[in-house]
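Below is one structure; the comments refer to it alone.
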Amino acid sequence: MSAMFFIQFAIVLLCILAGARVGGIGLGVFGGLGLAILSFCFDLKPAGLPIDVMFMIMAVVSAAAAMQAAGGLDYMIKIATNILRRNPKYITFIAPAVTWTFTVLAGTGHVAYSVLPVIAEVSRHNGVRPERPLSMAVIASQFAIVASPIAAAVVAVVNYLEPQGITLGNVLSVTIPSTILGLALACVFVNKMGKELKDDPDYQRLLQDPDYVKENHTDVDLTDAPLKPTAKLSVGLFLFGALLVVLMGAMPELRPAFDGKPMSMAHTIEIVMLTIGALIIFFCKPDGTEITKGSVFHAGMRAVIAIFGIAWLGDTLMSAHISEVKVLVSDLVETAPWAFAFALFVLSVLVNSQGATVATLFPLGIALGIPAPVLVGVFVAVNGYFFIPNYGPIIASIDFDTTGTTRIGKFIFNHSFMIPGLLSMVFSLVFGLLFANILL
């Protein structure tokens with residue numbers, strides 16, 4: 001790996017750090033600054049814009065913001081509050097279970113966008129540190145990719161290992177229980193991560209700001225507050241949209257086909273959620289100004305701008321050095337085949353794609369003679385997205401958490417998702433190798 005790569009990589013990290021310190025749209029605009037340095041000073045060609053990720057967030061946020069203006073978010077929080085008051089700590093376990101299930105059925109972790117604002121608000125109103133359920137929900141939405149029968153990475157693994165007698169059922173028999181148990185065990189530890197909201201000095205300082213209190217309704221008891229008459233209908237429509245996305249992900253035949261292939265899930269999510277937003281506006285008639293003034297809309301648009309800058313910056317760096325990255329990781333595996341899991345993790349961190357990681361390294365692992373059960377057992381290691389905080393749902397969850405507990409730390413890598421991600425990775429790898437040894 002050239003010295004130039006590390007210089008450029010340092011610039012990317014500094015931009016992430018500076019943007020995180022500024023807050024708001026800081027991540028996005030400082031990502032643009034970094035891109036200016038890479039393109040104008042180092043002659044790196046800008047990569048393709050993360051258009052679909054941005055548009056998916058915008059579509060989901062449009063529907064969620066309309067639901068909030070119609071009183072739906074208050075209704076959802078009220079229901080969840082009544083359930084969680086019996087034992088509020090369960091949300092750290094419930095939230096990742098929901099996002100894991102959504103991803104397994106839809107084949108994309110981006111379906112998590114629809115529940116992140118609800119997780120953040122339910123946590124805050126119950127006095128639970130939102131960092132815990134939000135971080136685990138995002139990690140679960142990533143890890144579930146290897147347990148989804150329709151995910152591109154899973155299909156690729158089956159394709160490579162089929163000559164050795166490995167079927168889709170074999171792969172899922174390992175990845176489904178290993179990710180469930182790995183994530184569940186990680187939740188036990190994450191449930192104690194950080195201070196409680198009532199003891200968090202940063203959050204308590206926020207509560208001294210009357211503007212913050214007024215905007216976030218921290219003084220309102222939603223169990224007693226009157227609901228808008230359209231609240232239940234707006235929630236029903238929003239959940240119907242989320243269900244449609246999951247069903248169309250699980251059953252591609254429900255999507256229209258073009259050139260012999262089903263419409264992409266990105267376009268499906270965008271169209272369905274924009275339509276749901278239109279239906280909520282048509283039937284529930286929320287105030288148009290209130291839609292764009294709500295906390296969900298503001299947080300979602302901040303996330304879009306952040307992804308616009310940071311994801312574009314990161315993709316530009318990796319696109320320029322992809323051949324070097326592949327050579328580095330390949331050399332590592334050839335030198336120490338046992339390090340295959342580590343190589344999968346490192347490459348996934350750098351390329352931000354489970355499918356690309358599988359396509360690059362699995363043929364090499366097979367050529368080196370690594371047994372198929374080992375390859376399946378370490379498959380979960382392709383989920384290294386969380387290591388560098390530039391993944392869409394990570395940025396979105398930071399923006400949705402108005403308490404400020406979900407964040408990027410002073411040193412970039414000490415962010416809210418590092419401990420949950422590493423714990424989930426270690427536990428899932430152990431269970432994966434165990435189940436692979438027993439079942440394959």
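Ordered as shown in the structure tokens, chains take letters A, B, and onward, while each chain numbers its residues from 1 and ligands are numbered from 1 in the order shown.
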Dump as JSON lines the rows for residues of segment 112-152 of chain A within 12 Å of segment 42-60 of chain A: closest atom pair and distance in Å with one decimal, only C-alpha atoms counted, ordered by chain and rising residue number.
```
{"residue": "A:Ala112", "atom": "CA", "partner": "A:Val60", "partner_atom": "CA", "distance": 9.9}
{"residue": "A:Tyr113", "atom": "CA", "partner": "A:Ile57", "partner_atom": "CA", "distance": 6.7}
{"residue": "A:Ser114", "atom": "CA", "partner": "A:Val60", "partner_atom": "CA", "distance": 6.0}
{"residue": "A:Val115", "atom": "CA", "partner": "A:Val60", "partner_atom": "CA", "distance": 9.6}
{"residue": "A:Leu116", "atom": "CA", "partner": "A:Val60", "partner_atom": "CA", "distance": 10.6}
{"residue": "A:Pro117", "atom": "CA", "partner": "A:Val60", "partner_atom": "CA", "distance": 10.5}
```
Convert the current residue selection to file output with N, CA, C and O atoms, as a PDB file, in the first residue's frame.
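And here's result-v4.pdb as it stands now:
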```pdb
ATOM      1  N   ALA A 112     -33.829  -0.324   7.706  1.00  0.00           N
ATOM      2  CA  ALA A 112     -33.755   0.136   9.097  1.00  0.00           C
ATOM      3  C   ALA A 112     -34.121   1.602   9.228  1.00  0.00           C
ATOM      4  O   ALA A 112     -34.531   2.048  10.303  1.00  0.00           O
ATOM      5  N   TYR A 113     -33.986   2.358   8.139  1.00  0.00           N
ATOM      6  CA  TYR A 113     -34.288   3.793   8.212  1.00  0.00           C
ATOM      7  C   TYR A 113     -35.700   4.046   8.740  1.00  0.00           C
ATOM      8  O   TYR A 113     -35.942   5.031   9.443  1.00  0.00           O
ATOM      9  N   SER A 114     -36.640   3.166   8.414  1.00  0.00           N
ATOM     10  CA  SER A 114     -38.029   3.414   8.773  1.00  0.00           C
ATOM     11  C   SER A 114     -38.299   3.300  10.265  1.00  0.00           C
ATOM     12  O   SER A 114     -39.296   3.844  10.755  1.00  0.00           O
ATOM     13  N   VAL A 115     -37.446   2.592  10.999  1.00  0.00           N
ATOM     14  CA  VAL A 115     -37.706   2.422  12.433  1.00  0.00           C
ATOM     15  C   VAL A 115     -36.739   3.203  13.320  1.00  0.00           C
ATOM     16  O   VAL A 115     -36.969   3.334  14.524  1.00  0.00           O
ATOM     17  N   LEU A 116     -35.662   3.733  12.758  1.00  0.00           N
ATOM     18  CA  LEU A 116     -34.683   4.458  13.576  1.00  0.00           C
ATOM     19  C   LEU A 116     -35.291   5.642  14.335  1.00  0.00           C
ATOM     20  O   LEU A 116     -35.016   5.806  15.535  1.00  0.00           O
ATOM     21  N   PRO A 117     -36.107   6.499  13.683  1.00  0.00           N
ATOM     22  CA  PRO A 117     -36.670   7.624  14.454  1.00  0.00           C
ATOM     23  C   PRO A 117     -37.581   7.170  15.579  1.00  0.00           C
ATOM     24  O   PRO A 117     -37.629   7.789  16.644  1.00  0.00           O
TER      25      PRO A 117
END
```
DSSP on the backbone, then: every residue of segment 169-365 of chain A marked strand (DSSP E or B), written as a PyMOL selection string.
chain A and resi 257-258+261-262
Using only C-alpha atoms, which of A:Leu13, A:Met248, A:Leu237, A:Ala147 sits nearest Thr275 of chain A?
A:Leu237
Point-to-point distance from atom CA of Ala10 of chain A to atom CA of Phe417 of chain A, Å rounded to tenths:
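Those two atoms sit 20.4 Å apart.
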Please provide the set of residues having any atom within 9 Å of segment 420-433 of chain A, restricted to only C-alpha atoms, with same-chain residues fewer than 5 positions apart removed, written as a compact mmCIF listing (two decimals) with all heavy atoms, in the first residue's frame.
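The resulting selection01.txt:
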```
# COMPACT_ATOMS: atom_id res chain seq x y z
N ARG A 132 -27.89 2.88 23.01
CA ARG A 132 -27.88 1.43 23.13
C ARG A 132 -28.75 0.75 22.07
O ARG A 132 -28.24 -0.04 21.28
CB ARG A 132 -28.33 1.02 24.55
CG ARG A 132 -27.43 1.57 25.65
CD ARG A 132 -28.07 1.39 27.02
NE ARG A 132 -27.27 1.98 28.09
CZ ARG A 132 -27.71 2.16 29.33
NH1 ARG A 132 -28.95 1.80 29.65
NH2 ARG A 132 -26.93 2.70 30.25
N SER A 135 -27.60 1.78 18.31
CA SER A 135 -26.36 1.16 17.82
C SER A 135 -26.58 -0.30 17.49
O SER A 135 -26.14 -0.79 16.45
CB SER A 135 -25.24 1.32 18.86
OG SER A 135 -25.57 0.67 20.08
N MET A 136 -27.29 -1.02 18.35
CA MET A 136 -27.52 -2.44 18.10
C MET A 136 -28.48 -2.65 16.94
O MET A 136 -28.35 -3.62 16.18
CB MET A 136 -28.07 -3.12 19.36
CG MET A 136 -27.02 -3.43 20.43
SD MET A 136 -25.57 -4.35 19.82
CE MET A 136 -26.32 -5.79 19.06
N ILE A 139 -26.31 -2.24 13.81
CA ILE A 139 -25.42 -3.39 13.66
C ILE A 139 -26.22 -4.61 13.21
O ILE A 139 -25.80 -5.36 12.31
CB ILE A 139 -24.69 -3.70 14.99
CG1 ILE A 139 -23.79 -2.53 15.39
CG2 ILE A 139 -23.90 -4.99 14.88
CD1 ILE A 139 -22.69 -2.21 14.40
N ALA A 140 -27.39 -4.82 13.79
CA ALA A 140 -28.23 -5.96 13.42
C ALA A 140 -28.68 -5.88 11.97
O ALA A 140 -28.75 -6.90 11.27
CB ALA A 140 -29.44 -6.05 14.35
N PHE A 143 -25.60 -7.13 9.98
CA PHE A 143 -25.27 -8.54 10.15
C PHE A 143 -26.33 -9.46 9.53
O PHE A 143 -26.02 -10.58 9.11
CB PHE A 143 -25.10 -8.87 11.63
CG PHE A 143 -23.76 -8.49 12.19
CD1 PHE A 143 -23.20 -7.25 11.91
CD2 PHE A 143 -23.04 -9.35 12.98
CE1 PHE A 143 -21.95 -6.88 12.39
CE2 PHE A 143 -21.79 -9.01 13.48
CZ PHE A 143 -21.24 -7.76 13.20
N VAL A 174 -26.21 -21.96 9.24
CA VAL A 174 -25.11 -21.45 10.05
C VAL A 174 -25.29 -19.97 10.36
O VAL A 174 -25.18 -19.54 11.52
CB VAL A 174 -23.76 -21.66 9.33
CG1 VAL A 174 -22.62 -20.97 10.10
CG2 VAL A 174 -23.46 -23.15 9.19
N THR A 175 -25.60 -19.17 9.34
CA THR A 175 -25.63 -17.72 9.53
C THR A 175 -26.84 -17.23 10.34
O THR A 175 -26.71 -16.27 11.10
CB THR A 175 -25.62 -17.00 8.17
OG1 THR A 175 -26.74 -17.45 7.37
CG2 THR A 175 -24.33 -17.29 7.41
N PRO A 177 -28.69 -18.81 12.93
CA PRO A 177 -28.53 -18.93 14.39
C PRO A 177 -27.30 -18.20 14.93
O PRO A 177 -27.33 -17.67 16.05
CB PRO A 177 -28.41 -20.45 14.61
CG PRO A 177 -27.95 -21.01 13.31
CD PRO A 177 -28.57 -20.12 12.26
N SER A 178 -26.22 -18.15 14.14
CA SER A 178 -25.01 -17.50 14.65
C SER A 178 -25.20 -16.00 14.81
O SER A 178 -24.72 -15.40 15.79
CB SER A 178 -23.82 -17.80 13.74
OG SER A 178 -23.99 -17.25 12.46
N THR A 179 -25.88 -15.35 13.87
CA THR A 179 -26.11 -13.91 14.01
C THR A 179 -27.14 -13.61 15.10
O THR A 179 -26.99 -12.64 15.85
CB THR A 179 -26.56 -13.28 12.68
OG1 THR A 179 -27.69 -14.01 12.16
CG2 THR A 179 -25.44 -13.31 11.66
N ILE A 180 -28.16 -14.44 15.21
CA ILE A 180 -29.16 -14.22 16.27
C ILE A 180 -28.51 -14.32 17.64
O ILE A 180 -28.67 -13.43 18.50
CB ILE A 180 -30.32 -15.24 16.16
CG1 ILE A 180 -31.18 -14.94 14.93
CG2 ILE A 180 -31.18 -15.21 17.42
CD1 ILE A 180 -32.28 -15.96 14.69
N LEU A 181 -27.76 -15.38 17.86
CA LEU A 181 -27.13 -15.57 19.17
C LEU A 181 -26.02 -14.55 19.41
O LEU A 181 -25.86 -14.04 20.53
CB LEU A 181 -26.57 -17.00 19.26
CG LEU A 181 -27.61 -18.12 19.29
CD1 LEU A 181 -26.92 -19.49 19.26
CD2 LEU A 181 -28.48 -18.01 20.53
N GLY A 182 -25.24 -14.26 18.36
CA GLY A 182 -24.17 -13.28 18.51
C GLY A 182 -24.69 -11.90 18.85
O GLY A 182 -24.15 -11.22 19.75
N LEU A 183 -25.74 -11.46 18.17
CA LEU A 183 -26.33 -10.16 18.44
C LEU A 183 -26.99 -10.12 19.81
O LEU A 183 -26.89 -9.12 20.54
CB LEU A 183 -27.35 -9.80 17.35
CG LEU A 183 -26.77 -9.52 15.96
CD1 LEU A 183 -27.86 -9.56 14.90
CD2 LEU A 183 -26.07 -8.16 15.94
N ALA A 184 -27.68 -11.20 20.16
CA ALA A 184 -28.36 -11.25 21.46
C ALA A 184 -27.36 -11.15 22.60
O ALA A 184 -27.58 -10.43 23.59
CB ALA A 184 -29.17 -12.54 21.57
N LEU A 185 -26.24 -11.87 22.46
CA LEU A 185 -25.22 -11.82 23.51
C LEU A 185 -24.59 -10.43 23.58
O LEU A 185 -24.31 -9.92 24.67
CB LEU A 185 -24.15 -12.88 23.23
CG LEU A 185 -23.15 -13.18 24.34
CD1 LEU A 185 -23.88 -13.49 25.65
CD2 LEU A 185 -22.25 -14.33 23.95
N ALA A 186 -24.38 -9.81 22.42
CA ALA A 186 -23.83 -8.45 22.41
C ALA A 186 -24.79 -7.48 23.10
O ALA A 186 -24.36 -6.56 23.81
CB ALA A 186 -23.57 -8.01 20.98
N CYS A 187 -26.09 -7.67 22.91
CA CYS A 187 -27.10 -6.79 23.52
C CYS A 187 -27.01 -6.82 25.04
O CYS A 187 -27.25 -5.81 25.71
CB CYS A 187 -28.51 -7.22 23.09
SG CYS A 187 -28.96 -6.75 21.41
N PHE A 189 -24.39 -6.98 26.85
CA PHE A 189 -23.32 -6.07 27.26
C PHE A 189 -23.66 -4.62 26.91
O PHE A 189 -23.44 -3.71 27.71
CB PHE A 189 -22.00 -6.47 26.59
CG PHE A 189 -21.46 -7.78 27.07
CD1 PHE A 189 -21.82 -8.96 26.45
CD2 PHE A 189 -20.60 -7.83 28.16
CE1 PHE A 189 -21.31 -10.18 26.90
CE2 PHE A 189 -20.09 -9.03 28.61
CZ PHE A 189 -20.45 -10.22 27.98
N VAL A 190 -24.20 -4.41 25.71
CA VAL A 190 -24.51 -3.05 25.26
C VAL A 190 -25.61 -2.43 26.12
O VAL A 190 -25.66 -1.21 26.29
CB VAL A 190 -24.93 -3.06 23.76
CG1 VAL A 190 -25.42 -1.69 23.31
CG2 VAL A 190 -23.75 -3.50 22.90
N ALA A 341 -10.77 -14.61 8.02
CA ALA A 341 -11.84 -13.81 8.65
C ALA A 341 -11.41 -12.37 8.80
O ALA A 341 -12.18 -11.43 8.54
CB ALA A 341 -12.22 -14.40 10.00
N PRO A 373 -16.61 -25.43 5.22
CA PRO A 373 -17.23 -25.09 6.51
C PRO A 373 -16.58 -23.88 7.18
O PRO A 373 -17.27 -23.07 7.82
CB PRO A 373 -17.01 -26.37 7.35
CG PRO A 373 -16.94 -27.46 6.34
CD PRO A 373 -16.20 -26.85 5.18
N VAL A 374 -15.27 -23.72 7.01
CA VAL A 374 -14.59 -22.56 7.59
C VAL A 374 -15.01 -21.29 6.86
O VAL A 374 -15.27 -20.25 7.49
CB VAL A 374 -13.06 -22.73 7.53
CG1 VAL A 374 -12.37 -21.46 8.00
CG2 VAL A 374 -12.62 -23.92 8.36
N LEU A 375 -15.10 -21.36 5.54
CA LEU A 375 -15.52 -20.20 4.76
C LEU A 375 -16.92 -19.74 5.16
O LEU A 375 -17.19 -18.55 5.28
CB LEU A 375 -15.48 -20.52 3.26
CG LEU A 375 -14.09 -20.79 2.66
CD1 LEU A 375 -14.21 -21.18 1.20
CD2 LEU A 375 -13.20 -19.56 2.81
N VAL A 376 -17.82 -20.71 5.35
CA VAL A 376 -19.19 -20.37 5.76
C VAL A 376 -19.19 -19.84 7.19
O VAL A 376 -19.89 -18.88 7.52
CB VAL A 376 -20.12 -21.60 5.65
CG1 VAL A 376 -21.51 -21.27 6.20
CG2 VAL A 376 -20.23 -22.05 4.20
N GLY A 377 -18.38 -20.45 8.06
CA GLY A 377 -18.34 -20.04 9.46
C GLY A 377 -17.87 -18.62 9.66
O GLY A 377 -18.31 -17.93 10.59
N VAL A 378 -16.95 -18.15 8.79
CA VAL A 378 -16.41 -16.78 8.94
C VAL A 378 -17.10 -15.79 8.00
O VAL A 378 -16.71 -14.63 7.93
CB VAL A 378 -14.89 -16.75 8.69
CG1 VAL A 378 -14.17 -17.65 9.69
CG2 VAL A 378 -14.55 -17.16 7.26
N PHE A 379 -18.13 -16.24 7.30
CA PHE A 379 -18.84 -15.38 6.34
C PHE A 379 -19.32 -14.08 6.97
O PHE A 379 -19.29 -13.01 6.36
CB PHE A 379 -20.01 -16.18 5.76
CG PHE A 379 -20.90 -15.43 4.80
CD1 PHE A 379 -20.42 -14.37 4.04
CD2 PHE A 379 -22.22 -15.81 4.64
CE1 PHE A 379 -21.24 -13.69 3.15
CE2 PHE A 379 -23.05 -15.14 3.75
CZ PHE A 379 -22.57 -14.07 3.01
N VAL A 380 -19.73 -14.13 8.24
CA VAL A 380 -20.27 -12.94 8.91
C VAL A 380 -19.24 -11.82 9.01
O VAL A 380 -19.59 -10.65 9.20
CB VAL A 380 -20.77 -13.33 10.33
CG1 VAL A 380 -19.60 -13.63 11.26
CG2 VAL A 380 -21.63 -12.21 10.92
N ALA A 381 -17.95 -12.14 8.83
CA ALA A 381 -16.90 -11.12 8.94
C ALA A 381 -16.95 -10.09 7.83
O ALA A 381 -16.21 -9.10 7.87
CB ALA A 381 -15.52 -11.80 8.95
N ASN A 383 -19.11 -8.02 7.48
CA ASN A 383 -19.89 -6.87 8.00
C ASN A 383 -19.02 -5.92 8.81
O ASN A 383 -19.26 -5.68 10.00
CB ASN A 383 -21.04 -7.38 8.87
CG ASN A 383 -22.09 -8.12 8.06
OD1 ASN A 383 -22.77 -7.52 7.23
ND2 ASN A 383 -22.21 -9.42 8.28
N GLY A 384 -18.03 -5.32 8.17
CA GLY A 384 -17.16 -4.38 8.87
C GLY A 384 -17.54 -2.92 8.68
O GLY A 384 -16.78 -2.03 9.04
N TYR A 385 -18.74 -2.67 8.13
CA TYR A 385 -19.18 -1.30 7.84
C TYR A 385 -19.03 -0.36 9.02
O TYR A 385 -18.76 0.82 8.87
CB TYR A 385 -20.66 -1.30 7.46
CG TYR A 385 -21.02 -1.80 6.09
CD1 TYR A 385 -20.16 -2.62 5.37
CD2 TYR A 385 -22.23 -1.47 5.52
CE1 TYR A 385 -20.50 -3.10 4.13
CE2 TYR A 385 -22.59 -1.94 4.27
CZ TYR A 385 -21.72 -2.76 3.58
OH TYR A 385 -22.08 -3.23 2.34
N PHE A 386 -19.28 -0.89 10.22
CA PHE A 386 -19.38 -0.02 11.39
C PHE A 386 -18.04 0.58 11.80
O PHE A 386 -18.00 1.56 12.54
CB PHE A 386 -19.94 -0.82 12.57
CG PHE A 386 -19.04 -1.96 13.02
CD1 PHE A 386 -18.01 -1.74 13.92
CD2 PHE A 386 -19.21 -3.24 12.53
CE1 PHE A 386 -17.18 -2.77 14.33
CE2 PHE A 386 -18.39 -4.28 12.93
CZ PHE A 386 -17.37 -4.04 13.83
N PHE A 387 -16.93 0.00 11.35
CA PHE A 387 -15.62 0.40 11.85
C PHE A 387 -15.32 1.87 11.59
O PHE A 387 -14.86 2.59 12.46
CB PHE A 387 -14.53 -0.49 11.23
CG PHE A 387 -13.25 -0.49 11.99
CD1 PHE A 387 -13.12 -1.22 13.17
CD2 PHE A 387 -12.16 0.26 11.57
CE1 PHE A 387 -11.93 -1.21 13.89
CE2 PHE A 387 -10.98 0.28 12.28
CZ PHE A 387 -10.86 -0.46 13.45
N ILE A 438 -20.42 -28.21 13.34
CA ILE A 438 -21.41 -29.22 13.72
C ILE A 438 -22.28 -29.64 12.54
O ILE A 438 -22.57 -30.83 12.35
CB ILE A 438 -22.31 -28.69 14.86
CG1 ILE A 438 -21.49 -28.47 16.14
CG2 ILE A 438 -23.46 -29.64 15.14
CD1 ILE A 438 -22.27 -27.78 17.25
```
Min atom-atom distance to Asp401 of chain A from the set A:Glu324, A:Glu270, A:Glu253, A:Glu121, counting only C-alpha atoms, belongs to A:Glu121
Quick one: DSSP helix (DSSP H, G or I) residues in segment 25-139 of chain A, as number ranges by chain?
A: 26-41, 51-69, 72-84, 88-106, 109-114, 116-125, 131-139
Compile the contact shell of Thr316 of chain A as a VMD selection string: residues with an atom at most 12 Å away, counting only C-alpha atoms, same-chain residues fewer than 4 positions apart removed.
chain A and resid 5 8 to 9 12 31 to 32 34 to 39 42 to 50 309 to 312 320 to 322 350 to 351
Once you count only C-alpha atoms, what closest atom pair and distance in Å to one decimal does each residue of segment 365-428 of chain A within 12 Å of segment 287-306 of chain A have, with rows by chain and rising residue number, as a tab-separated table?
```
residue	atom	partner	partner_atom	distance
A:Pro389	CA	A:Ala306	CA	11.1
A:Asn390	CA	A:Ala306	CA	8.7
A:Tyr391	CA	A:Ala306	CA	10.0
A:Gly392	CA	A:Ala303	CA	7.7
A:Pro393	CA	A:Ala303	CA	8.6
A:Ile394	CA	A:Ala303	CA	9.2
A:Ile395	CA	A:Ala303	CA	5.9
A:Ala396	CA	A:Ala303	CA	4.9
A:Ser397	CA	A:Ala303	CA	8.3
A:Ile398	CA	A:Ala303	CA	8.3
A:Asp399	CA	A:Ala299	CA	5.1
A:Phe400	CA	A:Ala299	CA	5.4
A:Asp401	CA	A:Ala299	CA	8.5
A:Thr402	CA	A:Ala299	CA	8.7
```
Residue neighbourhood Pro286 of chain A, 9 Å, only C-alpha atoms, exclusion window fewer than 6 positions, as an MDAnalysis selection string:
chainID A and resid 66:71 230 280
The selected residues should be written to file as a CSV table (one decimal), in the first residue's frame (atoms: N, CA and C atoms).
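The result, written out as again.csv:
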```
chain,number,residue,atom,x,y,z
A,66,ALA,N,-44.6,12.9,7.5
A,66,ALA,CA,-46.0,13.1,7.3
A,66,ALA,C,-46.8,12.4,8.4
A,67,MET,N,-46.3,11.2,8.8
A,67,MET,CA,-46.9,10.4,9.9
A,67,MET,C,-46.8,11.2,11.2
A,68,GLN,N,-45.6,11.8,11.4
A,68,GLN,CA,-45.4,12.6,12.6
A,68,GLN,C,-46.3,13.8,12.7
A,69,ALA,N,-46.5,14.5,11.6
A,69,ALA,CA,-47.4,15.6,11.6
A,69,ALA,C,-48.8,15.2,11.8
A,70,ALA,N,-49.2,14.0,11.4
A,70,ALA,CA,-50.5,13.5,11.6
A,70,ALA,C,-50.8,12.9,13.0
A,71,GLY,N,-49.7,13.0,13.8
A,71,GLY,CA,-49.8,12.5,15.2
A,71,GLY,C,-49.4,11.0,15.3
A,230,THR,N,-56.2,11.6,13.4
A,230,THR,CA,-55.7,10.9,12.3
A,230,THR,C,-54.4,10.0,12.7
A,280,ILE,N,-50.8,9.3,3.3
A,280,ILE,CA,-50.9,9.9,4.6
A,280,ILE,C,-51.4,11.3,4.4
```
Applying 10 Å and only C-alpha atoms, which residues near segment 201-208 of chain A remain after dropping the ones on its own chain fewer than 2 positions away? List them as a PyMOL selection string.
chain A and resi 129+195-199+210-214+216+218-219+402-405
Would you pick out the contacts of Ala144 of chain A at 6 Å or less, using only C-alpha atoms, so that residues sharing its chain but fewer than 4 positions from it are not included, and give the list as a VMD selection string?
chain A and resid 100 103 to 104 140
Would you put the residues from that selection into a file with C-alpha atoms, as a PDB file, in the first residue's frame?
```
ATOM      1  CA  TRP A 100     -32.626  -7.976  11.760  1.00  0.00           C
ATOM      2  CA  THR A 103     -33.210  -7.007   6.609  1.00  0.00           C
ATOM      3  CA  VAL A 104     -33.499 -10.796   6.356  1.00  0.00           C
ATOM      4  CA  ALA A 140     -28.226  -5.964  13.422  1.00  0.00           C
TER       5      ALA A 140
END
```
